[in-house]
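In what follows, a structure is listed as structure tokens, so that the remarks can point back to it.
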Amino acid sequence: MNLSKVFSKAIITSPERQQEADADFCIVKEVQSGNVAAFDKLILKYRERLFGVIYNLTANREDTADLTQDAFIKAFQSINRFQGNCSFFTWLYKIAVNTTLSHLRKNRLRSFFSLEKIQEDGANAEILEQLTDKRGADRDTYLRELQEKLNEALQKLSIPHRTVITLFEIDDLSHAEIAEVMGCSEGTVRSRLHYAKQFLQGEMGKYIRS
Amino acid sequence: MPESHQPRKVSVEDLLRLKRAERPGPEFWASFEHELRQKQLTALMQKRSWWQGVPQIFARRAYVPLGAAAILTFTLISIKYSTPLQVAQVEPLPRCGLRAKRRLHRLRRWPSVRRCSITAIKRHSAWMTGLRSWRPVCPSRMLAWSARLQCPMIRLNHRRPVLSRPTWPTWNNRNQSS
């Protein structure tokens with residue numbers, strides 16, 4: 001086992017993630033040996049997570065769909081180059097984030113929101129309950145407004161800051177994993193995260209009940 | 001008021017967690033899969049040009065061997081086309097006697113030679129006398145000859161000649177001294 005593989009193992013901290021990475025590597029080996037259909041398993045497994053990351057970076061559902069597809073196609077085209085030096089999902093995230101960042105840089109001036117509806121399930125219901133006492137149409141309007149304000153605040157952040165906070169808070173990646181995806185140090189990730197949270201706190205002060 | 005009825009603090013993290021719930025419905029995934037399948041097939045059918053693979057070759061672990069090969073090639077080319085290094089060989093000066101030394105120091109009092117070092121005068125005189133015998137040469141004659149013969153010493157030791165031409169009193173002095 002070479003040094004980079006040892007290092008990548010160190011990045012994946014939890015045993016669940018390790019198991020997941022090992023399972024992914026088996027599927028990747030299958031695809032590399034010629035079983036193209038095995039790639040569908042990876043698409044099914046990661047499409048929602050990848051969509052989530054890209055959606056929170058672009059705040060546009062049409063662009064997100066295209067970029068997610070592009071990321072999967074790029075991963076599929078270069079799957080033979082994947083040698084297991086890092087986990088598959090980190091590699092896939094890296095492709096997706098780079099694709100999105102280059103798209104955002106190209107279309108810096110063209111930005112408009114097209115948002116998904118918030119799915120109210122168990123985990124979110126409690127937060128939503130805390131946020132609003134209203135019911136019916138008022139509640140929906142309030143939620144829509146909150147969603148728009150949150151997206152506006154996120155879009156005001158610079159691309160690296162937005163990427164870090166999206167990967168950490170929304171996608172639950174560790175500092176080390178974000179550092180690997182973004183190609184920067186963990187210290188940079190922490191400082192960006194701190195700045196982004198402070199900024200959002202300032203922007204969303206009206207909605208944060210303290 | 002009991003603690004359970006108090007409103008819980010809502011933080012930025014809570015708001016961001018709400019973003020996880022912004023998900024598309026199942027009908028979206030059906031069309032997504034269909035489009036992705038088409039793109040995948042197109043990607044499979046597309047034949048990649050040879051030049052598209054070039055950056056990948058460089059991106060792999062070829063940095064060290066390629067760098068070493070480039071350095072080696074550069075070294076070989078530079079060895080082949082470079083001329084051998086020529087070291088200037090200066091012939092040793094013949095030893096001079098006490099009388100010649102005195103004459104040399106007298107010569108240095110001359111205003112035209114004052115700025116020249118003793119070694120430069122020695123070398124110049126040796127060059128003028130063809131290294132057969134070392135004798136200090138009159139500076140005015142030295143300068144006149146060197147200007148005519150383009151002495152390498154003058155060019156090496158001084159950017160510009162100290163004096164361009166001798167003066168008549170210099171000649172007279174020389175005649176008196178000899």
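The chains in the structure tokens are called A, B, ... from first to last as shown; in each chain the residues are counted from 1, and the ligands are counted from 1 in the order shown.
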Chain B residues near chain A within 7 Å, closest pair each, using only C-alpha atoms, as CSV:
residue,atom,partner,partner_atom,distance
B:Pro7,CA,A:Gln130,CA,6.6
B:Arg8,CA,A:Gln130,CA,6.7
B:Lys9,CA,A:Ser210,CA,5.3
B:Val10,CA,A:Arg209,CA,5.2
B:Ser11,CA,A:Ile208,CA,5.8
B:Val12,CA,A:Gln201,CA,6.1
B:Glu13,CA,A:Glu169,CA,6.7
B:Asp14,CA,A:Ile127,CA,6.7
B:Leu16,CA,A:Ile170,CA,6.4
B:Arg17,CA,A:Ile170,CA,5.9
B:Leu18,CA,A:Asn124,CA,6.2
B:Lys19,CA,A:Ile170,CA,6.8
B:Arg20,CA,A:Ile170,CA,5.9
B:Ala21,CA,A:Gln119,CA,5.1
B:Glu22,CA,A:Ile118,CA,4.4
B:Arg23,CA,A:Glu116,CA,6.0
B:Pro24,CA,A:Glu116,CA,6.1
B:Leu36,CA,A:Gln69,CA,5.7
B:Gln40,CA,A:Ile73,CA,6.1
Out of range 20-200 of chain A, which residues get alpha helix (DSSP H) from DSSP, as an mmCIF file with C-alpha atoms, in the first residue's frame?
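File selection-v2.cif, as written:
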data_model
loop_
_atom_site.group_PDB
_atom_site.id
_atom_site.type_symbol
_atom_site.label_atom_id
_atom_site.label_comp_id
_atom_site.auth_asym_id
_atom_site.auth_seq_id
_atom_site.Cartn_x
_atom_site.Cartn_y
_atom_site.Cartn_z
ATOM 1 C CA GLU A 20 -18.777 2.628 1.865
ATOM 2 C CA ALA A 21 -15.478 3.505 0.187
ATOM 3 C CA ASP A 22 -14.475 -0.161 -0.025
ATOM 4 C CA ALA A 23 -17.844 -1.108 -1.549
ATOM 5 C CA ASP A 24 -17.533 1.705 -4.075
ATOM 6 C CA PHE A 25 -14.047 0.603 -5.011
ATOM 7 C CA CYS A 26 -15.346 -2.899 -5.781
ATOM 8 C CA ILE A 27 -17.976 -1.424 -8.123
ATOM 9 C CA VAL A 28 -15.360 0.800 -9.752
ATOM 10 C CA LYS A 29 -13.185 -2.267 -10.353
ATOM 11 C CA GLU A 30 -16.146 -3.922 -12.067
ATOM 12 C CA VAL A 31 -16.668 -0.912 -14.331
ATOM 13 C CA GLN A 32 -12.952 -0.798 -15.098
ATOM 14 C CA PHE A 39 -21.767 2.347 -13.049
ATOM 15 C CA ASP A 40 -25.554 2.709 -12.697
ATOM 16 C CA LYS A 41 -25.252 1.552 -9.090
ATOM 17 C CA LEU A 42 -22.911 4.439 -8.398
ATOM 18 C CA ILE A 43 -25.250 6.877 -10.154
ATOM 19 C CA LEU A 44 -28.200 5.679 -8.085
ATOM 20 C CA LYS A 45 -26.204 5.899 -4.909
ATOM 21 C CA TYR A 46 -24.776 9.353 -5.350
ATOM 22 C CA ARG A 47 -27.135 11.278 -7.632
ATOM 23 C CA GLU A 48 -29.116 12.918 -4.828
ATOM 24 C CA ARG A 49 -26.081 13.905 -2.806
ATOM 25 C CA LEU A 50 -24.327 15.257 -5.852
ATOM 26 C CA PHE A 51 -27.462 17.091 -6.909
ATOM 27 C CA GLY A 52 -27.672 18.597 -3.408
ATOM 28 C CA VAL A 53 -24.120 19.919 -3.509
ATOM 29 C CA ILE A 54 -24.445 21.417 -6.979
ATOM 30 C CA TYR A 55 -27.899 22.816 -6.263
ATOM 31 C CA ASN A 56 -26.691 24.623 -3.162
ATOM 32 C CA LEU A 57 -23.800 26.092 -5.102
ATOM 33 C CA THR A 58 -25.804 27.294 -8.072
ATOM 34 C CA ARG A 61 -32.428 23.539 -10.544
ATOM 35 C CA GLU A 62 -32.040 23.456 -14.361
ATOM 36 C CA ASP A 63 -28.317 24.190 -14.243
ATOM 37 C CA THR A 64 -27.972 21.697 -11.411
ATOM 38 C CA ALA A 65 -29.521 18.882 -13.435
ATOM 39 C CA ASP A 66 -27.150 19.536 -16.346
ATOM 40 C CA LEU A 67 -24.103 19.868 -14.133
ATOM 41 C CA THR A 68 -24.905 16.691 -12.208
ATOM 42 C CA GLN A 69 -25.210 14.789 -15.463
ATOM 43 C CA ASP A 70 -21.950 16.298 -16.730
ATOM 44 C CA ALA A 71 -20.179 15.305 -13.532
ATOM 45 C CA PHE A 72 -21.353 11.707 -13.882
ATOM 46 C CA ILE A 73 -20.336 11.615 -17.547
ATOM 47 C CA LYS A 74 -16.880 12.984 -16.728
ATOM 48 C CA ALA A 75 -16.481 10.420 -13.962
ATOM 49 C CA PHE A 76 -17.596 7.671 -16.330
ATOM 50 C CA GLN A 77 -15.163 8.773 -19.036
ATOM 51 C CA PHE A 88 -14.700 7.238 -4.873
ATOM 52 C CA PHE A 89 -17.162 9.708 -3.447
ATOM 53 C CA THR A 90 -14.360 12.235 -2.712
ATOM 54 C CA TRP A 91 -13.170 11.823 -6.279
ATOM 55 C CA LEU A 92 -16.694 12.223 -7.634
ATOM 56 C CA TYR A 93 -17.270 15.282 -5.432
ATOM 57 C CA LYS A 94 -14.038 16.765 -6.702
ATOM 58 C CA ILE A 95 -15.234 16.364 -10.294
ATOM 59 C CA ALA A 96 -18.669 17.784 -9.461
ATOM 60 C CA VAL A 97 -17.295 20.747 -7.515
ATOM 61 C CA ASN A 98 -14.738 21.587 -10.208
ATOM 62 C CA THR A 99 -17.386 21.338 -12.952
ATOM 63 C CA THR A 100 -19.705 23.598 -10.961
ATOM 64 C CA LEU A 101 -17.014 26.115 -10.108
ATOM 65 C CA SER A 102 -15.949 26.462 -13.732
ATOM 66 C CA HIS A 103 -19.627 26.891 -14.705
ATOM 67 C CA LEU A 104 -20.085 29.568 -12.032
ATOM 68 C CA ARG A 105 -16.964 31.401 -13.145
ATOM 69 C CA LYS A 106 -18.121 31.358 -16.758
ATOM 70 C CA GLY A 122 -39.309 14.654 10.601
ATOM 71 C CA ALA A 123 -35.950 16.365 10.989
ATOM 72 C CA ASN A 124 -37.027 19.598 9.360
ATOM 73 C CA ALA A 125 -40.473 19.780 10.898
ATOM 74 C CA GLU A 126 -39.055 20.708 14.293
ATOM 75 C CA ILE A 127 -36.922 23.542 12.915
ATOM 76 C CA LEU A 128 -39.811 24.800 10.831
ATOM 77 C CA GLU A 129 -42.029 24.695 13.888
ATOM 78 C CA GLN A 130 -39.517 26.821 15.766
ATOM 79 C CA LEU A 131 -39.192 29.269 12.930
ATOM 80 C CA GLY A 136 -51.688 27.573 6.101
ATOM 81 C CA ALA A 137 -50.923 30.048 3.325
ATOM 82 C CA ASP A 138 -49.069 32.440 5.628
ATOM 83 C CA ARG A 139 -46.714 29.705 6.643
ATOM 84 C CA ASP A 140 -45.962 28.778 3.028
ATOM 85 C CA THR A 141 -45.300 32.422 2.137
ATOM 86 C CA TYR A 142 -43.033 32.794 5.142
ATOM 87 C CA LEU A 143 -41.106 29.659 4.244
ATOM 88 C CA ARG A 144 -40.738 30.792 0.653
ATOM 89 C CA GLU A 145 -39.397 34.142 1.832
ATOM 90 C CA LEU A 146 -36.989 32.445 4.232
ATOM 91 C CA GLN A 147 -35.786 30.127 1.480
ATOM 92 C CA GLU A 148 -35.188 33.027 -0.894
ATOM 93 C CA LYS A 149 -33.365 35.074 1.739
ATOM 94 C CA LEU A 150 -31.162 32.122 2.627
ATOM 95 C CA ASN A 151 -30.302 31.520 -1.006
ATOM 96 C CA GLU A 152 -29.602 35.214 -1.542
ATOM 97 C CA ALA A 153 -27.281 35.239 1.458
ATOM 98 C CA LEU A 154 -25.502 32.133 0.216
ATOM 99 C CA GLN A 155 -25.074 33.623 -3.242
ATOM 100 C CA LYS A 156 -23.519 36.739 -1.722
ATOM 101 C CA ILE A 159 -17.509 30.739 -4.434
ATOM 102 C CA PRO A 160 -14.907 29.086 -2.132
ATOM 103 C CA HIS A 161 -16.766 30.159 1.024
ATOM 104 C CA ARG A 162 -20.063 28.941 -0.401
ATOM 105 C CA THR A 163 -18.500 25.624 -1.385
ATOM 106 C CA VAL A 164 -17.031 25.064 2.075
ATOM 107 C CA ILE A 165 -20.235 25.828 3.961
ATOM 108 C CA HIS A 175 -12.771 19.241 7.274
ATOM 109 C CA ALA A 176 -10.221 16.806 5.866
ATOM 110 C CA GLU A 177 -12.563 15.629 3.129
ATOM 111 C CA ILE A 178 -13.434 19.209 2.151
ATOM 112 C CA ALA A 179 -9.741 20.073 2.095
ATOM 113 C CA GLU A 180 -9.122 17.171 -0.272
ATOM 114 C CA VAL A 181 -12.052 18.032 -2.522
ATOM 115 C CA MET A 182 -11.079 21.690 -2.716
ATOM 116 C CA GLU A 186 -7.720 22.134 6.655
ATOM 117 C CA GLY A 187 -6.848 25.461 8.253
ATOM 118 C CA THR A 188 -8.123 27.281 5.182
ATOM 119 C CA VAL A 189 -11.330 25.244 5.319
ATOM 120 C CA ARG A 190 -11.856 26.154 8.993
ATOM 121 C CA SER A 191 -11.229 29.847 8.454
ATOM 122 C CA ARG A 192 -13.541 29.963 5.426
ATOM 123 C CA LEU A 193 -16.213 28.147 7.379
ATOM 124 C CA HIS A 194 -15.928 30.566 10.284
ATOM 125 C CA TYR A 195 -16.149 33.579 8.004
ATOM 126 C CA ALA A 196 -19.095 32.159 6.049
ATOM 127 C CA LYS A 197 -21.059 31.425 9.238
ATOM 128 C CA GLN A 198 -20.432 34.891 10.603
ATOM 129 C CA PHE A 199 -21.564 36.406 7.330
ATOM 130 C CA LEU A 200 -24.738 34.312 7.211
#
